[in-house]
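*Asks:* PDB, C-alpha atoms and all ligand atoms, file my_file-v2.pdb:
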```pdb
ATOM      1  CA  MET J 172      14.613 -20.282  42.265
ATOM      2  CA  VAL J 173      13.004 -20.179  45.722
ATOM      3  CA  GLU J 174      12.151 -23.397  47.512
ATOM      4  CA  ILE J 175      10.540 -23.265  50.927
ATOM      5  CA  LYS J 176       9.667 -26.460  52.765
ATOM      6  CA  GLY J 177       7.711 -26.795  56.001
ATOM      7  CA  LEU J 178       8.795 -23.401  57.322
ATOM      8  CA  GLU J 179       7.628 -22.460  60.793
ATOM      9  CA  TYR J 180       8.635 -19.362  62.680
ATOM     10  CA  ALA J 181       7.862 -17.964  66.112
ATOM     11  CA  TYR J 182       9.065 -14.536  67.269
ATOM     12  CA  PRO J 183      10.999 -14.464  70.556
ATOM     13  CA  ASP J 184       7.853 -13.357  72.409
ATOM     14  CA  GLY J 185       6.155 -16.589  71.346
ATOM     15  CA  ILE J 186       3.928 -15.271  68.506
ATOM     16  CA  ARG J 187       3.718 -18.035  65.904
ATOM     17  CA  ALA J 188       3.871 -16.048  62.674
ATOM     18  CA  LEU J 189       4.468 -18.915  60.209
ATOM     19  CA  LYS J 190       2.858 -22.292  60.699
ATOM     20  CA  GLY J 191       4.195 -24.611  58.015
ATOM     21  CA  ILE J 192       4.812 -22.819  54.732
ATOM     22  CA  SER J 193       5.819 -24.772  51.612
ATOM     23  CA  LEU J 194       6.250 -22.848  48.404
ATOM     24  CA  ASP J 195       8.205 -22.940  45.143
ATOM     25  CA  ILE J 196       8.833 -19.850  43.046
ATOM     26  CA  PHE J 197      10.263 -20.212  39.558
ATOM     27  CA  GLU J 198      12.618 -18.029  37.547
ATOM     28  CA  GLY J 199      10.960 -14.989  36.002
ATOM     29  CA  GLU J 200       7.715 -15.336  37.949
ATOM     30  CA  SER J 201       6.034 -12.361  39.518
ATOM     31  CA  VAL J 202       4.299 -13.519  42.677
ATOM     32  CA  ALA J 203       1.986 -11.619  45.020
ATOM     33  CA  LEU J 204       1.573 -12.392  48.697
ATOM     34  CA  MET J 205      -1.776 -11.192  49.942
ATOM     35  CA  GLY J 206      -3.494 -11.470  53.295
ATOM     36  CA  LEU J 207      -4.771  -9.529  56.283
ATOM     37  CA  ASN J 208      -2.540  -7.545  58.631
ATOM     38  CA  GLY J 209      -0.587 -10.044  60.702
ATOM     39  CA  ALA J 210      -1.080 -12.934  58.240
ATOM     40  CA  GLY J 211       2.701 -13.462  58.103
ATOM     41  CA  LYS J 212       3.634 -11.883  54.745
ATOM     42  CA  SER J 213       6.532  -9.752  55.980
ATOM     43  CA  THR J 214       7.775 -12.546  58.222
ATOM     44  CA  LEU J 215       7.885 -14.898  55.247
ATOM     45  CA  LEU J 216       9.709 -12.368  53.036
ATOM     46  CA  LEU J 217      12.339 -11.749  55.733
ATOM     47  CA  HIS J 218      13.301 -15.427  55.487
ATOM     48  CA  LEU J 219      14.275 -15.031  51.828
ATOM     49  CA  ASN J 220      17.581 -13.344  52.599
ATOM     50  CA  GLY J 221      18.178 -14.693  56.087
ATOM     51  CA  ILE J 222      17.178 -11.652  58.136
ATOM     52  CA  LEU J 223      14.977 -14.134  59.966
ATOM     53  CA  GLN J 224      15.972 -17.773  60.195
ATOM     54  CA  SER J 225      14.156 -20.750  61.600
ATOM     55  CA  ASP J 226      15.148 -24.185  62.848
ATOM     56  CA  ILE J 227      11.947 -25.689  61.527
ATOM     57  CA  GLY J 228      11.785 -26.126  57.754
ATOM     58  CA  THR J 229      14.190 -25.035  55.018
ATOM     59  CA  VAL J 230      14.549 -22.063  52.697
ATOM     60  CA  GLU J 231      16.634 -22.355  49.533
ATOM     61  CA  VAL J 232      17.241 -19.443  47.177
ATOM     62  CA  LEU J 233      19.079 -19.761  43.844
ATOM     63  CA  GLY J 234      20.206 -23.227  44.906
ATOM     64  CA  MET J 235      21.716 -21.975  48.185
ATOM     65  CA  LYS J 236      20.436 -22.797  51.676
ATOM     66  CA  VAL J 237      19.627 -19.549  53.435
ATOM     67  CA  ASP J 238      21.716 -20.157  56.538
ATOM     68  CA  GLY J 239      25.256 -19.602  55.303
ATOM     69  CA  ASN J 240      26.210 -17.632  52.145
ATOM     70  CA  LEU J 241      24.283 -14.619  53.422
ATOM     71  CA  ARG J 242      26.566 -12.105  51.729
ATOM     72  CA  GLU J 243      26.118 -13.730  48.346
ATOM     73  CA  ILE J 244      22.399 -14.269  48.862
ATOM     74  CA  ARG J 245      21.852 -10.636  49.858
ATOM     75  CA  SER J 246      23.660  -9.398  46.748
ATOM     76  CA  LYS J 247      21.246 -11.419  44.605
ATOM     77  CA  VAL J 248      18.036 -11.077  46.575
ATOM     78  CA  GLY J 249      17.119  -7.396  46.757
ATOM     79  CA  MET J 250      14.787  -6.756  49.676
ATOM     80  CA  VAL J 251      12.704  -3.595  49.887
ATOM     81  CA  PHE J 252      11.350  -3.341  53.451
ATOM     82  CA  GLN J 253       7.813  -2.352  54.355
ATOM     83  CA  ASP J 254       9.130   0.725  56.198
ATOM     84  CA  PRO J 255      11.686   2.781  54.214
ATOM     85  CA  ASP J 256      13.151   4.063  57.486
ATOM     86  CA  ASP J 257      14.445   0.518  58.036
ATOM     87  CA  GLN J 258      16.278   0.734  54.711
ATOM     88  CA  LEU J 259      17.710   4.239  54.583
ATOM     89  CA  PHE J 260      20.424   5.103  57.070
ATOM     90  CA  MET J 261      22.985   7.245  55.229
ATOM     91  CA  PRO J 262      23.211  11.067  55.237
ATOM     92  CA  THR J 263      22.392  11.406  51.523
ATOM     93  CA  VAL J 264      20.278   9.615  48.957
ATOM     94  CA  PHE J 265      23.404   9.020  46.857
ATOM     95  CA  ASP J 266      25.172   7.277  49.758
ATOM     96  CA  ASP J 267      22.186   5.063  50.419
ATOM     97  CA  VAL J 268      21.770   4.012  46.785
ATOM     98  CA  ALA J 269      25.546   3.582  46.374
ATOM     99  CA  PHE J 270      25.899   1.460  49.520
ATOM    100  CA  GLY J 271      25.145  -1.881  47.836
ATOM    101  CA  PRO J 272      27.320  -1.381  44.723
ATOM    102  CA  ILE J 273      30.231  -0.084  46.865
ATOM    103  CA  ASN J 274      30.004  -3.186  49.043
ATOM    104  CA  MET J 275      29.994  -5.328  45.946
ATOM    105  CA  GLY J 276      33.365  -3.824  45.055
ATOM    106  CA  PHE J 277      32.484  -1.779  41.964
ATOM    107  CA  SER J 278      34.731   1.095  40.845
ATOM    108  CA  GLU J 279      33.738   4.670  41.694
ATOM    109  CA  GLU J 280      32.717   5.291  38.094
ATOM    110  CA  LYS J 281      30.564   2.153  37.971
ATOM    111  CA  VAL J 282      28.973   2.981  41.324
ATOM    112  CA  LYS J 283      27.974   6.433  40.052
ATOM    113  CA  GLU J 284      26.502   4.900  36.919
ATOM    114  CA  LYS J 285      24.457   2.375  38.914
ATOM    115  CA  VAL J 286      23.167   5.076  41.275
ATOM    116  CA  ARG J 287      22.156   7.269  38.332
ATOM    117  CA  MET J 288      20.376   4.338  36.661
ATOM    118  CA  ALA J 289      18.548   3.304  39.846
ATOM    119  CA  LEU J 290      17.377   6.848  40.670
ATOM    120  CA  GLU J 291      16.200   7.306  37.108
ATOM    121  CA  LEU J 292      14.206   4.057  37.277
ATOM    122  CA  VAL J 293      12.242   5.294  40.309
ATOM    123  CA  ASN J 294      11.833   8.806  38.847
ATOM    124  CA  MET J 295      14.037  10.407  41.466
ATOM    125  CA  SER J 296      16.901  11.637  39.284
ATOM    126  CA  GLY J 297      18.684  14.668  40.676
ATOM    127  CA  CYS J 298      17.877  13.825  44.312
ATOM    128  CA  GLY J 299      21.290  12.361  45.144
ATOM    129  CA  ALA J 300      22.379  15.170  47.429
ATOM    130  CA  ARG J 301      19.185  15.257  49.495
ATOM    131  CA  ALA J 302      18.897  13.825  52.986
ATOM    132  CA  PRO J 303      16.535  10.820  53.010
ATOM    133  CA  HIS J 304      15.253  11.683  56.497
ATOM    134  CA  HIS J 305      13.967  15.009  55.145
ATOM    135  CA  MET J 306      11.932  13.412  52.376
ATOM    136  CA  SER J 307       8.260  12.442  52.310
ATOM    137  CA  PHE J 308       7.272   8.849  53.035
ATOM    138  CA  GLY J 309       6.453   8.116  49.395
ATOM    139  CA  GLU J 310       9.748   9.620  48.220
ATOM    140  CA  LYS J 311      11.629   7.536  50.780
ATOM    141  CA  LYS J 312       9.798   4.453  49.540
ATOM    142  CA  ARG J 313      11.033   5.138  46.015
ATOM    143  CA  ILE J 314      14.595   5.725  47.230
ATOM    144  CA  ALA J 315      14.384   2.459  49.185
ATOM    145  CA  ILE J 316      13.478   0.680  45.938
ATOM    146  CA  ALA J 317      16.441   2.403  44.226
ATOM    147  CA  THR J 318      18.855   1.122  46.915
ATOM    148  CA  VAL J 319      17.946  -2.372  45.803
ATOM    149  CA  LEU J 320      17.750  -1.763  42.032
ATOM    150  CA  SER J 321      21.285  -0.332  42.094
ATOM    151  CA  MET J 322      22.500  -3.834  42.977
ATOM    152  CA  GLU J 323      20.751  -5.340  39.939
ATOM    153  CA  PRO J 324      19.355  -8.266  41.946
ATOM    154  CA  GLU J 325      18.223 -11.564  40.440
ATOM    155  CA  ILE J 326      15.229 -11.655  42.735
ATOM    156  CA  LEU J 327      13.356  -8.535  43.771
ATOM    157  CA  VAL J 328      11.439  -8.787  47.037
ATOM    158  CA  LEU J 329       9.083  -5.927  47.821
ATOM    159  CA  ASP J 330       7.066  -5.438  50.989
ATOM    160  CA  GLU J 331       4.050  -3.192  50.314
ATOM    161  CA  PRO J 332       5.706  -1.249  47.465
ATOM    162  CA  THR J 333       2.679   0.960  46.754
ATOM    163  CA  SER J 334       1.613   1.866  50.280
ATOM    164  CA  ASN J 335       1.609   5.672  50.749
ATOM    165  CA  VAL J 336       2.794   6.223  47.187
ATOM    166  CA  ASP J 337       0.857   8.800  45.120
ATOM    167  CA  PRO J 338      -1.172   7.584  42.100
ATOM    168  CA  ASN J 339       1.356   8.891  39.587
ATOM    169  CA  ALA J 340       4.305   7.240  41.322
ATOM    170  CA  ARG J 341       2.243   4.081  41.737
ATOM    171  CA  ARG J 342       1.494   3.912  38.013
ATOM    172  CA  HIS J 343       5.171   4.512  37.297
ATOM    173  CA  LEU J 344       6.152   1.764  39.743
ATOM    174  CA  ILE J 345       3.755  -0.683  38.094
ATOM    175  CA  GLU J 346       5.281   0.100  34.688
ATOM    176  CA  LEU J 347       8.763  -0.316  36.145
ATOM    177  CA  LEU J 348       7.877  -3.686  37.671
ATOM    178  CA  ASN J 349       6.431  -4.850  34.371
ATOM    179  CA  GLU J 350       9.612  -3.824  32.535
ATOM    180  CA  LEU J 351      11.962  -5.521  35.000
ATOM    181  CA  ASP J 352      12.582  -8.955  33.628
ATOM    182  CA  ILE J 353      13.556 -10.625  36.898
ATOM    183  CA  THR J 354      11.836 -12.758  39.505
ATOM    184  CA  LYS J 355       9.606 -10.604  41.700
ATOM    185  CA  ILE J 356       7.908 -11.421  44.971
ATOM    186  CA  MET J 357       5.757  -8.781  46.619
ATOM    187  CA  ALA J 358       3.583  -8.545  49.684
ATOM    188  CA  THR J 359       0.746  -6.142  49.078
ATOM    189  CA  HIS J 360      -2.806  -5.038  49.875
ATOM    190  CA  ASP J 361      -3.018  -3.364  46.449
ATOM    191  CA  ILE J 362      -5.126  -5.898  44.593
ATOM    192  CA  GLU J 363      -5.287  -3.863  41.378
ATOM    193  CA  MET J 364      -1.488  -3.772  41.289
ATOM    194  CA  VAL J 365      -1.460  -7.550  41.686
ATOM    195  CA  SER J 366      -3.678  -7.949  38.619
ATOM    196  CA  ASP J 367      -1.446  -5.545  36.663
ATOM    197  CA  THR J 368       1.966  -6.960  37.608
ATOM    198  CA  CYS J 369       1.723 -10.537  38.900
ATOM    199  CA  ASP J 370       1.318 -13.990  37.345
ATOM    200  CA  ARG J 371       0.597 -15.772  40.589
ATOM    201  CA  ALA J 372      -1.239 -14.830  43.765
ATOM    202  CA  ILE J 373      -0.806 -16.423  47.155
ATOM    203  CA  VAL J 374      -3.270 -15.770  49.948
ATOM    204  CA  MET J 375      -1.844 -16.090  53.446
ATOM    205  CA  PHE J 376      -4.079 -16.527  56.454
ATOM    206  CA  GLU J 377      -2.921 -16.866  60.062
ATOM    207  CA  GLY J 378       0.575 -18.008  59.174
ATOM    208  CA  LYS J 379      -0.442 -20.492  56.489
ATOM    209  CA  ILE J 380      -0.969 -20.481  52.750
ATOM    210  CA  ALA J 381      -4.701 -20.496  52.129
ATOM    211  CA  ALA J 382      -4.552 -20.284  48.324
ATOM    212  CA  ASN J 383      -1.877 -20.338  45.648
ATOM    213  CA  GLY J 384      -2.725 -20.047  41.963
ATOM    214  CA  ALA J 385      -2.756 -18.017  38.777
ATOM    215  CA  VAL J 386      -3.789 -14.406  39.343
ATOM    216  CA  GLU J 387      -6.796 -14.889  37.033
ATOM    217  CA  GLU J 388      -8.000 -17.772  39.169
ATOM    218  CA  VAL J 389      -7.384 -16.371  42.642
ATOM    219  CA  LEU J 390      -8.532 -12.777  42.082
ATOM    220  CA  THR J 391     -11.776 -13.701  40.352
ATOM    221  CA  ASN J 392     -12.695 -16.066  43.207
ATOM    222  CA  SER J 393     -14.479 -13.580  45.415
ATOM    223  CA  GLU J 394     -15.707 -16.229  47.877
ATOM    224  CA  LEU J 395     -12.121 -17.302  48.495
ATOM    225  CA  LEU J 396     -10.898 -13.726  48.886
ATOM    226  CA  GLU J 397     -13.755 -12.650  51.123
ATOM    227  CA  SER J 398     -13.503 -15.705  53.352
ATOM    228  CA  HIS J 399      -9.918 -14.656  54.075
ATOM    229  CA  GLY J 400     -10.793 -11.059  54.791
ATOM    230  CA  LEU J 401      -9.831  -9.686  51.364
ATOM    231  CA  GLU J 402     -11.899  -7.866  48.798
ATOM    232  CA  ALA J 403     -12.257  -8.835  45.153
ATOM    233  CA  PRO J 404     -11.302  -6.246  42.507
ATOM    234  CA  ILE J 405     -14.093  -3.813  41.693
ATOM    235  CA  LEU J 406     -14.557  -5.229  38.181
ATOM    236  CA  VAL J 407     -15.018  -8.732  39.587
ATOM    237  CA  LYS J 408     -17.693  -7.448  41.980
ATOM    238  CA  LEU J 409     -19.420  -5.549  39.173
ATOM    239  CA  PHE J 410     -19.636  -8.539  36.865
ATOM    240  CA  ARG J 411     -20.509 -10.997  39.613
ATOM    241  CA  ASP J 412     -22.826  -9.070  41.952
ATOM    242  CA  VAL J 413     -24.413  -6.475  39.693
ATOM    243  CA  MET J 414     -24.472  -8.159  36.302
ATOM    244  CA  HIS J 415     -24.557 -11.780  37.522
ATOM    245  CA  ARG J 416     -22.245 -12.916  34.747
ATOM    246  CA  GLU J 417     -20.364 -16.187  34.710
ATOM    247  CA  ASN J 418     -17.312 -15.004  32.827
ATOM    248  CA  ILE J 419     -15.573 -12.643  35.201
ATOM    249  CA  PRO J 420     -12.903 -10.284  33.851
ATOM    250  CA  LEU J 421     -10.033  -9.154  36.051
ATOM    251  CA  ARG J 422      -8.726  -6.114  34.184
ATOM    252  CA  LEU J 423     -10.436  -3.392  32.186
ATOM    253  CA  ASN J 424      -8.222  -4.329  29.259
ATOM    254  CA  ASP J 425      -9.655  -7.874  29.296
ATOM    255  CA  VAL J 426     -13.111  -6.381  28.680
ATOM    256  CA  ILE J 427     -11.896  -3.953  26.031
ATOM    257  CA  GLU J 428     -10.037  -6.667  24.155
ATOM    258  CA  LYS J 429     -12.757  -9.327  24.371
ATOM    259  CA  PRO J 430     -16.130  -7.550  24.658
ATOM    260  CA  ASN J 431     -17.999 -10.575  23.278
ATOM    261  CA  LYS J 432     -16.606 -12.902  25.899
ATOM    262  CA  TYR J 433     -17.982 -10.640  28.637
ATOM    263  CA  LYS J 434     -21.236  -9.839  26.772
ATOM    264  CA  ILE J 435     -20.594  -6.103  26.576
TER     265      ILE J 435
HETATM  266  N1  LIG D   1       9.160  -8.230  65.671
HETATM  267  C1  LIG D   1       8.089  -8.914  66.030
HETATM  268  N2  LIG D   1       7.985  -9.419  67.280
HETATM  269  C2  LIG D   1       6.901 -10.136  67.654
HETATM  270  N3  LIG D   1       5.868 -10.412  66.851
HETATM  271  C3  LIG D   1       5.910  -9.930  65.609
HETATM  272  C4  LIG D   1       7.009  -9.156  65.136
HETATM  273  N4  LIG D   1       6.781  -8.812  63.848
HETATM  274  C5  LIG D   1       5.579  -9.361  63.543
HETATM  275  N5  LIG D   1       5.053 -10.032  64.603
HETATM  276  C6  LIG D   1       3.782 -10.769  64.623
HETATM  277  O1  LIG D   1       3.868 -11.836  63.677
HETATM  278  C7  LIG D   1       2.627 -11.984  62.984
HETATM  279  C8  LIG D   1       2.874 -11.827  61.480
HETATM  280  O2  LIG D   1       3.287 -10.490  61.238
HETATM  281  P1  LIG D   1       3.741  -9.955  59.824
HETATM  282  O3  LIG D   1       4.406  -8.651  60.069
HETATM  283  O4  LIG D   1       4.517 -11.005  59.142
HETATM  284  O5  LIG D   1       2.341  -9.774  59.102
HETATM  285  P2  LIG D   1       1.988  -9.145  57.678
HETATM  286  O6  LIG D   1       1.180 -10.156  56.963
HETATM  287  O7  LIG D   1       3.213  -8.640  57.038
HETATM  288  O8  LIG D   1       1.019  -7.933  58.107
HETATM  289  P3  LIG D   1       0.859  -6.442  57.469
HETATM  290  O9  LIG D   1      -0.155  -6.562  56.378
HETATM  291  O10 LIG D   1       0.302  -5.657  58.637
HETATM  292  O11 LIG D   1       2.190  -5.960  57.038
HETATM  293  C9  LIG D   1       1.680 -10.952  63.589
HETATM  294  O12 LIG D   1       0.919 -11.600  64.564
HETATM  295  C10 LIG D   1       2.616  -9.935  64.197
HETATM  296  O13 LIG D   1       1.994  -9.306  65.308
HETATM  297 MG    MG D   2       3.871  -6.781  56.533
END
```
Please express the file's structure as structure tokens.
*Replies:*
Amino acid sequence: MVEIKGLEYAYPDGIRALKGISLDIFEGESVALMGLNGAGKSTLLLHLNGILQSDIGTVEVLGMKVDGNLREIRSKVGMVFQDPDDQLFMPTVFDDVAFGPINMGFSEEKVKEKVRMALELVNMSGCGARAPHHMSFGEKKRIAIATVLSMEPEILVLDEPTSNVDPNARRHLIELLNELDITKIMATHDIEMVSDTCDRAIVMFEGKIAANGAVEEVLTNSELLESHGLEAPILVKLFRDVMHRENIPLRLNDVIEKPNKYKI
């Protein structure tokens, strides 16, 4: 689905943001990119639909090299930017969410239906006439996600989807992500969201991949996380540091479902 080989990228001012990334992502996977500020997460995501391109290494998405075919790639790879102000540029929410489907050539009726569906998915029904630049940051974030969902992408790329989003909207977003049966790739500092929505976790550090494995493996490895500046989930710390257990659960549900395994 996504095949990245030996990707290196330096910004025009000389900052080397990616230093040799190789990564495969398979259909239906939900993959988290974690890592400190400046680790290269956003830079890597921006290569998935050709917003950034490099001469060193290759990026293939859905069997297409990301250097030509950008129109087709962008209709299939929905990218939600870290900053919603980079995504929203129309006078109304409706226009922003309709922009993708209109460009894809859908009829007026179909466009309206897709906008309605996308706004409903992010719990922002009835906001079509509002001006995005008058909305709160969290609301804009949800509209930004709707602008991508309205295109029904095959791959959903999200950069910090839960930052500045209230707990209720965050919970709703997690449920939405779990219901969406498509390939998802998200950069995030929200480690609890990773355990709730992702199968695989990748830790980036200074432009390289420092770890890449099943969420259960990566997130319960507190030494690995801490040595790359990240923090283990609270439950992992509780079981490891306070209770000195060997079996470390990742989610509260794991403990509730298997109390014997965790000696509760
Ligand atoms: N437009 C730019 N011009 C120059 N350097 C940049 C630019 N954008 C990012 N960088 C640099 O590239 C490196 C990687 O940045 P990137 O934004 O990919 O990090 P990140 O992992 O997404 O961080 P964060 O968690 O803060 O979002 C950093 O050193 C950053 O300062
Ligand atoms: Mg970033």
*Asks:* May I have the residues within 12 Å of stretch 255-267 of chain J as a ChimeraX atom specification, using all atoms listed in the file and disregarding those fewer than 3 positions away in the same chain?
*Replies:* /J:249-252,270-274,282-290,295-322,329-336
*Asks:* For ligand LIG 1 (chain D), return the neighbouring residues as an NGL selection string (distance at most 9 Å; all atoms listed in the file).
*Replies:* :J and (180-189 or 204-217 or 253 or 330-331 or 358-360 or 375-378)
*Asks:* Work out how far apart atom CA of J:Ile244 and atom CA of J:Glu198 are and give it in Å to one decimal.
*Replies:* 15.4 Å
*Asks:* Please evaluate the PyMOL selection byres (((chain J and resi 404) around 12) and not hetatm) against the structure above and give the resulting residues as a VMD selection string.
*Replies:* chain J and resid 360 to 367 386 to 387 389 to 393 396 to 397 401 to 403 405 to 412 419 to 423
*Asks:* Which residue gives the smallest distance to J:Ile192 among J:His343, J:Arg371, J:Lys379, J:Lys355, with all atoms listed in the file counted?
*Replies:*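 Result for the nearest residue to J:Ile192: J:Lys379.
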*Asks:* Counting all atoms listed in the file, find residues at most 6 Å from (20.8, -7.6, 42.6) (file frame) and give them as a PyMOL selection string.
*Replies:* chain J and resi 246-249+322-325
*Asks:* How far is it from atom CA of J:Ile427 to atom CA of J:Thr368, in Å with one decimal?
*Replies:*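 Interatomic distance here is 18.3 Å.
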*Asks:* Since I can't run it myself right now, could you work out what the PyMOL selection byres (((chain J and resi 218) around 10) and not hetatm) selects here and report it as an NGL selection string?
*Replies:* :J and (175 or 178 or 180 or 213-217 or 219-225 or 229-231 or 237-238)
*Asks:* Nearest residue to ligand MG 2 (chain D) out of J:Asn339, J:Met357, J:Phe197, J:Arg242, using only C-alpha atoms and all ligand atoms?
*Replies:*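 Using only C-alpha atoms and all ligand atoms, the shortest distance to ligand MG 2 (chain D) belongs to J:Met357.
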*Asks:* Work out how far apart atom CA of J:His399 and atom CA of J:Ile380 are and give it in Å to one decimal.
*Replies:* 10.8 Å
*Asks:* Taking only C-alpha atoms into account, which of J:Gly199, J:Glu243, J:Pro338, J:Leu292 comes nearest J:Met275?
*Replies:*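 Closest to J:Met275, using only C-alpha atoms: J:Glu243.
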*Asks:* Of the candidates J:Gly276, J:Val374, J:Leu327, J:Val413, which one gets nearest to J:Leu395 if we count all atoms listed in the file?
*Replies:* J:Val374
*Asks:* Which residue, J:Asp352, J:Asp254, J:Ser398, J:Val426, has the smallest gap to ligand MG 2 (chain D) when you use only C-alpha atoms and all ligand atoms?
*Replies:*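 Once distances to ligand MG 2 (chain D) are computed over only C-alpha atoms and all ligand atoms, the minimum belongs to J:Asp254.
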*Asks:* Would you give the centre and edge lengths, in Å to one decimal, of a box along x, y and z around the listed atoms of stretch 325-329 of chain J, with 8 Å added to each side, as JSON?
*Replies:*
```
{"center_x": 13.7, "center_y": -8.8, "center_z": 44.1, "size_x": 25.1, "size_y": 21.7, "size_z": 23.4}
```
*Asks:* Taking the structure in the block just given, could you write stretch 212-275 of chain J with C-alpha atoms, as a PDB file, in the first residue's frame?
*Replies:*
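Dumped everything to out.pdb:
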```pdb
ATOM      1  CA  LYS J 212       6.968  12.914  11.468  1.00  0.00           C
ATOM      2  CA  SER J 213       5.230  15.687   9.531  1.00  0.00           C
ATOM      3  CA  THR J 214       8.005  15.775   6.950  1.00  0.00           C
ATOM      4  CA  LEU J 215       7.567  12.056   6.338  1.00  0.00           C
ATOM      5  CA  LEU J 216       3.766  12.331   6.040  1.00  0.00           C
ATOM      6  CA  LEU J 217       4.064  15.181   3.518  1.00  0.00           C
ATOM      7  CA  HIS J 218       5.917  12.793   1.199  1.00  0.00           C
ATOM      8  CA  LEU J 219       2.905  10.471   1.019  1.00  0.00           C
ATOM      9  CA  ASN J 220       0.994  12.680  -1.398  1.00  0.00           C
ATOM     10  CA  GLY J 221       3.892  14.521  -2.995  1.00  0.00           C
ATOM     11  CA  ILE J 222       3.636  17.843  -1.166  1.00  0.00           C
ATOM     12  CA  LEU J 223       7.309  17.252  -0.450  1.00  0.00           C
ATOM     13  CA  GLN J 224       9.431  15.249  -2.854  1.00  0.00           C
ATOM     14  CA  SER J 225      12.999  14.085  -2.624  1.00  0.00           C
ATOM     15  CA  ASP J 226      15.648  12.976  -5.091  1.00  0.00           C
ATOM     16  CA  ILE J 227      17.044  10.491  -2.614  1.00  0.00           C
ATOM     17  CA  GLY J 228      14.950   7.361  -2.089  1.00  0.00           C
ATOM     18  CA  THR J 229      11.515   6.414  -3.416  1.00  0.00           C
ATOM     19  CA  VAL J 230       7.936   6.647  -2.197  1.00  0.00           C
ATOM     20  CA  GLU J 231       5.251   4.438  -3.732  1.00  0.00           C
ATOM     21  CA  VAL J 232       1.590   4.648  -2.756  1.00  0.00           C
ATOM     22  CA  LEU J 233      -1.089   2.256  -4.054  1.00  0.00           C
ATOM     23  CA  GLY J 234       1.406   1.009  -6.627  1.00  0.00           C
ATOM     24  CA  MET J 235       2.114   4.516  -7.969  1.00  0.00           C
ATOM     25  CA  LYS J 236       5.417   6.388  -7.658  1.00  0.00           C
ATOM     26  CA  VAL J 237       4.761   9.657  -5.875  1.00  0.00           C
ATOM     27  CA  ASP J 238       6.337  11.933  -8.464  1.00  0.00           C
ATOM     28  CA  GLY J 239       3.771  11.952 -11.253  1.00  0.00           C
ATOM     29  CA  ASN J 240       0.066  11.014 -10.853  1.00  0.00           C
ATOM     30  CA  LEU J 241      -0.304  13.586  -8.085  1.00  0.00           C
ATOM     31  CA  ARG J 242      -3.941  14.314  -8.880  1.00  0.00           C
ATOM     32  CA  GLU J 243      -4.896  10.665  -8.634  1.00  0.00           C
ATOM     33  CA  ILE J 244      -2.734  10.088  -5.571  1.00  0.00           C
ATOM     34  CA  ARG J 245      -4.238  13.078  -3.756  1.00  0.00           C
ATOM     35  CA  SER J 246      -7.774  11.847  -4.429  1.00  0.00           C
ATOM     36  CA  LYS J 247      -6.887   8.545  -2.752  1.00  0.00           C
ATOM     37  CA  VAL J 248      -4.561   9.707  -0.005  1.00  0.00           C
ATOM     38  CA  GLY J 249      -6.475  12.056   2.283  1.00  0.00           C
ATOM     39  CA  MET J 250      -4.077  14.265   4.217  1.00  0.00           C
ATOM     40  CA  VAL J 251      -5.171  16.110   7.344  1.00  0.00           C
ATOM     41  CA  PHE J 252      -2.493  18.714   8.144  1.00  0.00           C
ATOM     42  CA  GLN J 253      -1.148  19.440  11.604  1.00  0.00           C
ATOM     43  CA  ASP J 254      -2.481  23.014  11.387  1.00  0.00           C
ATOM     44  CA  PRO J 255      -6.117  23.275  10.202  1.00  0.00           C
ATOM     45  CA  ASP J 256      -5.415  26.789   8.916  1.00  0.00           C
ATOM     46  CA  ASP J 257      -3.266  25.137   6.234  1.00  0.00           C
ATOM     47  CA  GLN J 258      -6.286  23.092   5.156  1.00  0.00           C
ATOM     48  CA  LEU J 259      -9.218  25.486   5.299  1.00  0.00           C
ATOM     49  CA  PHE J 260      -9.248  28.352   2.831  1.00  0.00           C
ATOM     50  CA  MET J 261     -12.850  28.775   1.656  1.00  0.00           C
ATOM     51  CA  PRO J 262     -15.422  31.275   2.995  1.00  0.00           C
ATOM     52  CA  THR J 263     -17.722  28.579   4.418  1.00  0.00           C
ATOM     53  CA  VAL J 264     -17.377  25.158   5.981  1.00  0.00           C
ATOM     54  CA  PHE J 265     -19.590  23.723   3.227  1.00  0.00           C
ATOM     55  CA  ASP J 266     -17.280  25.065   0.500  1.00  0.00           C
ATOM     56  CA  ASP J 267     -14.226  23.642   2.204  1.00  0.00           C
ATOM     57  CA  VAL J 268     -15.728  20.180   2.690  1.00  0.00           C
ATOM     58  CA  ALA J 269     -17.213  20.221  -0.833  1.00  0.00           C
ATOM     59  CA  PHE J 270     -13.936  21.269  -2.472  1.00  0.00           C
ATOM     60  CA  GLY J 271     -12.552  17.737  -2.893  1.00  0.00           C
ATOM     61  CA  PRO J 272     -15.755  16.091  -4.197  1.00  0.00           C
ATOM     62  CA  ILE J 273     -16.368  19.009  -6.616  1.00  0.00           C
ATOM     63  CA  ASN J 274     -12.849  18.607  -7.985  1.00  0.00           C
ATOM     64  CA  MET J 275     -13.455  14.912  -8.386  1.00  0.00           C
TER      65      MET J 275
END
```
